[in-house]
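Asks: If you scroll down you'll find the structure; I have some questions about it.
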Amino acid sequence: MSQQDELTHAAIDRLTRLTDLFALRRQQLAAAADLTETQWRALEEIATEHFLPSMFARARDCSAAAVSRTLRQLQDAGLVRATTDRSDARQRRYTLTAAGRRRMDRIRAARQDALAAVWQDISVADLTQFLQFADPMIERLEGHAENA
């Protein structure tokens with residue numbers, strides 16, 4: 001195996017480990033707030049006030065039924081309120097309740113603590129170098145995925 005091949009495999013291994021660790025950390029943050037990752041993502045979207053269940057389902061590549069189930073869980077937990085849209089009675093408008101906002105504040109605080117603990121001591125030069133590598137790699141992977 002050439003040095004290029006060895007380095008490529010080592011880089012993929014590190015990227016895989018980073019991806020797995022980010023996923024684990026998201027699960028931990030969600031669990032600490034008594035949420036699933038899907039519930040957390042839905043709460044984040046609802047907090048933007050531009051939440052549309054159909055768009056959420058499409059972006060997450062899941063069914064409308066799965067999104068409805070998540071929304072019911074959040075409503076049952078008292079974190080989300082659904083009202084009829086004034087301009088179109090067929091549409092539901094979802095908003096966070098006070099409890100939902102408190103839960104999001106908890107997650108944001110925990111996330112901020114994690115960011116400070118992990119990223120704070122990384123130099124601007126190292127972050128810049130990482131971004132200079134990551135951005136073209138993302139473009140290459142996206143292009144490859146589109147052509148596959």
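Ordered as shown in the structure tokens, chains take letters A, B, and onward, while each chain numbers its residues from 1 and ligands are numbered from 1 in the order shown.
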Name all residues at most 8 Å from Gln39 in chain A (count only C-alpha atoms; drop same-chain ones fewer than 2 positions away) and give them as an MDAnalysis selection string.

Replies: chainID A and resid 35:37 41:43 70:71 74

Asks: Considering only C-alpha atoms, return as JSON, numbers by chain whatever protein or nucleic-acid residues lie within 12 Å of Leu79 in chain A, sequence-local ones (same chain, fewer than 6 positions apart) excluded.

Replies: {"A": [33, 34, 35, 39, 40, 42, 43, 44, 46, 47, 70, 71, 72, 73, 94, 95, 96, 97, 98, 99, 100, 101, 102, 103, 104]}

Asks: Write the residues you've just listed into a file as a PDB file, in the first residue's frame, and include N, CA and C atoms for each of them.

Replies:
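Everything below was put into out-v3.pdb:
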ATOM      1  N   ALA A  33     -31.684  16.218  28.171  1.00  0.00           N
ATOM      2  CA  ALA A  33     -32.885  17.053  28.208  1.00  0.00           C
ATOM      3  C   ALA A  33     -34.152  16.211  28.083  1.00  0.00           C
ATOM      4  N   ASP A  34     -34.018  14.901  28.284  1.00  0.00           N
ATOM      5  CA  ASP A  34     -35.147  13.967  28.186  1.00  0.00           C
ATOM      6  C   ASP A  34     -35.840  14.024  26.830  1.00  0.00           C
ATOM      7  N   LEU A  35     -35.029  14.084  25.775  1.00  0.00           N
ATOM      8  CA  LEU A  35     -35.538  14.120  24.407  1.00  0.00           C
ATOM      9  C   LEU A  35     -34.800  13.102  23.559  1.00  0.00           C
ATOM     10  N   GLN A  39     -36.754  14.597  18.378  1.00  0.00           N
ATOM     11  CA  GLN A  39     -37.539  15.583  19.115  1.00  0.00           C
ATOM     12  C   GLN A  39     -36.758  16.891  19.260  1.00  0.00           C
ATOM     13  N   TRP A  40     -35.463  16.777  19.552  1.00  0.00           N
ATOM     14  CA  TRP A  40     -34.631  17.963  19.688  1.00  0.00           C
ATOM     15  C   TRP A  40     -34.606  18.742  18.370  1.00  0.00           C
ATOM     16  N   ALA A  42     -36.769  18.726  15.980  1.00  0.00           N
ATOM     17  CA  ALA A  42     -38.085  19.331  15.751  1.00  0.00           C
ATOM     18  C   ALA A  42     -38.249  20.583  16.612  1.00  0.00           C
ATOM     19  N   LEU A  43     -37.856  20.515  17.875  1.00  0.00           N
ATOM     20  CA  LEU A  43     -37.945  21.692  18.741  1.00  0.00           C
ATOM     21  C   LEU A  43     -37.106  22.843  18.189  1.00  0.00           C
ATOM     22  N   GLU A  44     -35.902  22.527  17.704  1.00  0.00           N
ATOM     23  CA  GLU A  44     -35.049  23.564  17.110  1.00  0.00           C
ATOM     24  C   GLU A  44     -35.746  24.226  15.926  1.00  0.00           C
ATOM     25  N   ILE A  46     -39.024  24.281  15.259  1.00  0.00           N
ATOM     26  CA  ILE A  46     -40.221  24.994  15.710  1.00  0.00           C
ATOM     27  C   ILE A  46     -39.823  26.332  16.329  1.00  0.00           C
ATOM     28  N   ALA A  47     -38.703  26.369  17.022  1.00  0.00           N
ATOM     29  CA  ALA A  47     -38.229  27.604  17.647  1.00  0.00           C
ATOM     30  C   ALA A  47     -37.924  28.686  16.616  1.00  0.00           C
ATOM     31  N   THR A  70     -43.784  12.465  16.197  1.00  0.00           N
ATOM     32  CA  THR A  70     -42.861  13.277  16.995  1.00  0.00           C
ATOM     33  C   THR A  70     -43.575  14.514  17.532  1.00  0.00           C
ATOM     34  N   LEU A  71     -44.369  15.154  16.699  1.00  0.00           N
ATOM     35  CA  LEU A  71     -45.094  16.347  17.133  1.00  0.00           C
ATOM     36  C   LEU A  71     -46.100  16.018  18.236  1.00  0.00           C
ATOM     37  N   ARG A  72     -46.773  14.875  18.106  1.00  0.00           N
ATOM     38  CA  ARG A  72     -47.709  14.449  19.166  1.00  0.00           C
ATOM     39  C   ARG A  72     -46.968  14.208  20.476  1.00  0.00           C
ATOM     40  N   GLN A  73     -45.783  13.580  20.393  1.00  0.00           N
ATOM     41  CA  GLN A  73     -44.985  13.338  21.595  1.00  0.00           C
ATOM     42  C   GLN A  73     -44.606  14.657  22.258  1.00  0.00           C
ATOM     43  N   TYR A  94     -47.128  25.532  14.770  1.00  0.00           N
ATOM     44  CA  TYR A  94     -46.519  24.952  15.966  1.00  0.00           C
ATOM     45  C   TYR A  94     -45.631  25.989  16.638  1.00  0.00           C
ATOM     46  N   THR A  95     -45.779  26.103  17.939  1.00  0.00           N
ATOM     47  CA  THR A  95     -44.952  27.022  18.720  1.00  0.00           C
ATOM     48  C   THR A  95     -44.493  26.312  19.986  1.00  0.00           C
ATOM     49  N   LEU A  96     -43.372  26.772  20.503  1.00  0.00           N
ATOM     50  CA  LEU A  96     -42.885  26.232  21.769  1.00  0.00           C
ATOM     51  C   LEU A  96     -43.708  26.804  22.912  1.00  0.00           C
ATOM     52  N   THR A  97     -43.991  25.983  23.880  1.00  0.00           N
ATOM     53  CA  THR A  97     -44.608  26.453  25.111  1.00  0.00           C
ATOM     54  C   THR A  97     -43.490  27.008  26.001  1.00  0.00           C
ATOM     55  N   ALA A  98     -43.858  27.548  27.143  1.00  0.00           N
ATOM     56  CA  ALA A  98     -42.840  28.023  28.098  1.00  0.00           C
ATOM     57  C   ALA A  98     -41.934  26.858  28.499  1.00  0.00           C
ATOM     58  N   ALA A  99     -42.522  25.689  28.703  1.00  0.00           N
ATOM     59  CA  ALA A  99     -41.720  24.506  29.056  1.00  0.00           C
ATOM     60  C   ALA A  99     -40.792  24.118  27.910  1.00  0.00           C
ATOM     61  N   GLY A 100     -41.270  24.247  26.682  1.00  0.00           N
ATOM     62  CA  GLY A 100     -40.444  23.954  25.518  1.00  0.00           C
ATOM     63  C   GLY A 100     -39.278  24.927  25.396  1.00  0.00           C
ATOM     64  N   ARG A 101     -39.535  26.209  25.671  1.00  0.00           N
ATOM     65  CA  ARG A 101     -38.451  27.198  25.631  1.00  0.00           C
ATOM     66  C   ARG A 101     -37.425  26.912  26.730  1.00  0.00           C
ATOM     67  N   ARG A 102     -37.896  26.537  27.913  1.00  0.00           N
ATOM     68  CA  ARG A 102     -36.955  26.200  28.998  1.00  0.00           C
ATOM     69  C   ARG A 102     -36.109  24.981  28.618  1.00  0.00           C
ATOM     70  N   ARG A 103     -36.734  23.992  27.993  1.00  0.00           N
ATOM     71  CA  ARG A 103     -35.999  22.794  27.578  1.00  0.00           C
ATOM     72  C   ARG A 103     -34.940  23.154  26.539  1.00  0.00           C
ATOM     73  N   MET A 104     -35.299  24.011  25.588  1.00  0.00           N
ATOM     74  CA  MET A 104     -34.332  24.452  24.580  1.00  0.00           C
ATOM     75  C   MET A 104     -33.203  25.258  25.229  1.00  0.00           C
TER      76      MET A 104
END

Asks: Determine the nearest neighbour of Ala31 in chain A from the options A:Arg93, A:Val67, A:Ile107, A:Arg81, counting only C-alpha atoms.

Replies: A:Ile107

Asks: Based on the backbone DSSP call, show me all residues of chain A assigned strand (DSSP E or B), as a PDB file with all heavy atoms, in the first residue's frame.

Replies:
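Output file result06.pdb follows:
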ATOM      1  N   VAL A  80     -44.768  21.707  23.070  1.00  0.00           N
ATOM      2  CA  VAL A  80     -45.203  22.334  21.823  1.00  0.00           C
ATOM      3  C   VAL A  80     -46.712  22.511  21.862  1.00  0.00           C
ATOM      4  O   VAL A  80     -47.432  21.677  22.410  1.00  0.00           O
ATOM      5  CB  VAL A  80     -44.810  21.443  20.609  1.00  0.00           C
ATOM      6  CG1 VAL A  80     -45.438  21.937  19.329  1.00  0.00           C
ATOM      7  CG2 VAL A  80     -43.304  21.381  20.463  1.00  0.00           C
ATOM      8  N   ARG A  81     -47.158  23.595  21.271  1.00  0.00           N
ATOM      9  CA  ARG A  81     -48.582  23.866  21.135  1.00  0.00           C
ATOM     10  C   ARG A  81     -48.887  23.981  19.641  1.00  0.00           C
ATOM     11  O   ARG A  81     -48.123  24.594  18.893  1.00  0.00           O
ATOM     12  CB  ARG A  81     -48.924  25.185  21.829  1.00  0.00           C
ATOM     13  CG  ARG A  81     -50.364  25.606  21.722  1.00  0.00           C
ATOM     14  CD  ARG A  81     -50.651  26.950  22.405  1.00  0.00           C
ATOM     15  NE  ARG A  81     -50.127  27.009  23.765  1.00  0.00           N
ATOM     16  CZ  ARG A  81     -49.081  27.758  24.148  1.00  0.00           C
ATOM     17  NH1 ARG A  81     -48.446  28.505  23.279  1.00  0.00           N
ATOM     18  NH2 ARG A  81     -48.680  27.766  25.404  1.00  0.00           N
ATOM     19  N   ALA A  82     -49.998  23.397  19.229  1.00  0.00           N
ATOM     20  CA  ALA A  82     -50.437  23.491  17.834  1.00  0.00           C
ATOM     21  C   ALA A  82     -51.719  24.297  17.785  1.00  0.00           C
ATOM     22  O   ALA A  82     -52.640  24.066  18.575  1.00  0.00           O
ATOM     23  CB  ALA A  82     -50.669  22.102  17.252  1.00  0.00           C
ATOM     24  N   THR A  83     -51.745  25.264  16.874  1.00  0.00           N
ATOM     25  CA  THR A  83     -52.948  26.053  16.663  1.00  0.00           C
ATOM     26  C   THR A  83     -53.241  26.073  15.165  1.00  0.00           C
ATOM     27  O   THR A  83     -52.369  25.791  14.345  1.00  0.00           O
ATOM     28  CB  THR A  83     -52.771  27.502  17.171  1.00  0.00           C
ATOM     29  OG1 THR A  83     -51.627  28.083  16.542  1.00  0.00           O
ATOM     30  CG2 THR A  83     -52.603  27.538  18.683  1.00  0.00           C
ATOM     31  N   THR A  84     -54.467  26.429  14.839  1.00  0.00           N
ATOM     32  CA  THR A  84     -54.856  26.536  13.440  1.00  0.00           C
ATOM     33  C   THR A  84     -54.290  27.831  12.882  1.00  0.00           C
ATOM     34  O   THR A  84     -54.386  28.878  13.511  1.00  0.00           O
ATOM     35  CB  THR A  84     -56.395  26.528  13.311  1.00  0.00           C
ATOM     36  OG1 THR A  84     -56.891  25.345  13.929  1.00  0.00           O
ATOM     37  CG2 THR A  84     -56.824  26.555  11.866  1.00  0.00           C
ATOM     38  N   ARG A  92     -51.517  23.762  10.401  1.00  0.00           N
ATOM     39  CA  ARG A  92     -51.292  23.880  11.844  1.00  0.00           C
ATOM     40  C   ARG A  92     -50.049  24.727  12.046  1.00  0.00           C
ATOM     41  O   ARG A  92     -49.071  24.612  11.310  1.00  0.00           O
ATOM     42  CB  ARG A  92     -51.084  22.511  12.482  1.00  0.00           C
ATOM     43  CG  ARG A  92     -52.163  21.501  12.193  1.00  0.00           C
ATOM     44  CD  ARG A  92     -53.443  21.753  12.897  1.00  0.00           C
ATOM     45  NE  ARG A  92     -53.336  21.282  14.273  1.00  0.00           N
ATOM     46  CZ  ARG A  92     -54.155  21.658  15.227  1.00  0.00           C
ATOM     47  NH1 ARG A  92     -55.117  22.501  14.984  1.00  0.00           N
ATOM     48  NH2 ARG A  92     -54.016  21.188  16.433  1.00  0.00           N
ATOM     49  N   ARG A  93     -50.092  25.576  13.037  1.00  0.00           N
ATOM     50  CA  ARG A  93     -48.926  26.389  13.397  1.00  0.00           C
ATOM     51  C   ARG A  93     -48.414  25.854  14.726  1.00  0.00           C
ATOM     52  O   ARG A  93     -49.162  25.744  15.693  1.00  0.00           O
ATOM     53  CB  ARG A  93     -49.346  27.848  13.515  1.00  0.00           C
ATOM     54  CG  ARG A  93     -48.246  28.783  13.882  1.00  0.00           C
ATOM     55  CD  ARG A  93     -48.707  30.227  13.679  1.00  0.00           C
ATOM     56  NE  ARG A  93     -48.066  31.168  14.549  1.00  0.00           N
ATOM     57  CZ  ARG A  93     -46.787  31.488  14.532  1.00  0.00           C
ATOM     58  NH1 ARG A  93     -45.991  30.909  13.681  1.00  0.00           N
ATOM     59  NH2 ARG A  93     -46.298  32.366  15.360  1.00  0.00           N
ATOM     60  N   TYR A  94     -47.128  25.532  14.770  1.00  0.00           N
ATOM     61  CA  TYR A  94     -46.519  24.952  15.966  1.00  0.00           C
ATOM     62  C   TYR A  94     -45.631  25.989  16.638  1.00  0.00           C
ATOM     63  O   TYR A  94     -44.852  26.672  15.969  1.00  0.00           O
ATOM     64  CB  TYR A  94     -45.708  23.705  15.608  1.00  0.00           C
ATOM     65  CG  TYR A  94     -46.573  22.584  15.087  1.00  0.00           C
ATOM     66  CD1 TYR A  94     -46.837  22.462  13.735  1.00  0.00           C
ATOM     67  CD2 TYR A  94     -47.154  21.679  15.969  1.00  0.00           C
ATOM     68  CE1 TYR A  94     -47.653  21.448  13.260  1.00  0.00           C
ATOM     69  CE2 TYR A  94     -47.967  20.657  15.500  1.00  0.00           C
ATOM     70  CZ  TYR A  94     -48.214  20.550  14.147  1.00  0.00           C
ATOM     71  OH  TYR A  94     -49.027  19.549  13.684  1.00  0.00           O
ATOM     72  N   THR A  95     -45.779  26.103  17.939  1.00  0.00           N
ATOM     73  CA  THR A  95     -44.952  27.022  18.720  1.00  0.00           C
ATOM     74  C   THR A  95     -44.493  26.312  19.986  1.00  0.00           C
ATOM     75  O   THR A  95     -45.147  25.377  20.469  1.00  0.00           O
ATOM     76  CB  THR A  95     -45.720  28.298  19.113  1.00  0.00           C
ATOM     77  OG1 THR A  95     -46.913  27.913  19.811  1.00  0.00           O
ATOM     78  CG2 THR A  95     -46.080  29.136  17.898  1.00  0.00           C
ATOM     79  N   LEU A  96     -43.372  26.772  20.503  1.00  0.00           N
ATOM     80  CA  LEU A  96     -42.885  26.232  21.769  1.00  0.00           C
ATOM     81  C   LEU A  96     -43.708  26.804  22.912  1.00  0.00           C
ATOM     82  O   LEU A  96     -44.060  27.985  22.902  1.00  0.00           O
ATOM     83  CB  LEU A  96     -41.418  26.602  21.989  1.00  0.00           C
ATOM     84  CG  LEU A  96     -40.394  26.066  20.997  1.00  0.00           C
ATOM     85  CD1 LEU A  96     -38.997  26.519  21.393  1.00  0.00           C
ATOM     86  CD2 LEU A  96     -40.447  24.556  20.927  1.00  0.00           C
TER      87      LEU A  96
END

Asks: Kindly indicate which residue among A:His50, A:Leu15, A:Arg108, A:Glu139 lies nearest to Ala30 in chain A, using only C-alpha atoms for the distances.

Replies: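 Result for the nearest residue to Ala30 in chain A: A:Arg108.
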
Asks: I need the residues in chain A that are alpha helix (DSSP H) according to DSSP; give them as a ChimeraX atom specification.

Replies: /A:3-32,37-47,53-60,64-76,98-119,124-147

Asks: Provide the CA of Ala134 in chain A to CA of Ile12 in chain A distance in Å, to one decimal place.

Replies: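 CA of Ala134 in chain A sits 12.6 Å away from CA of Ile12 in chain A.
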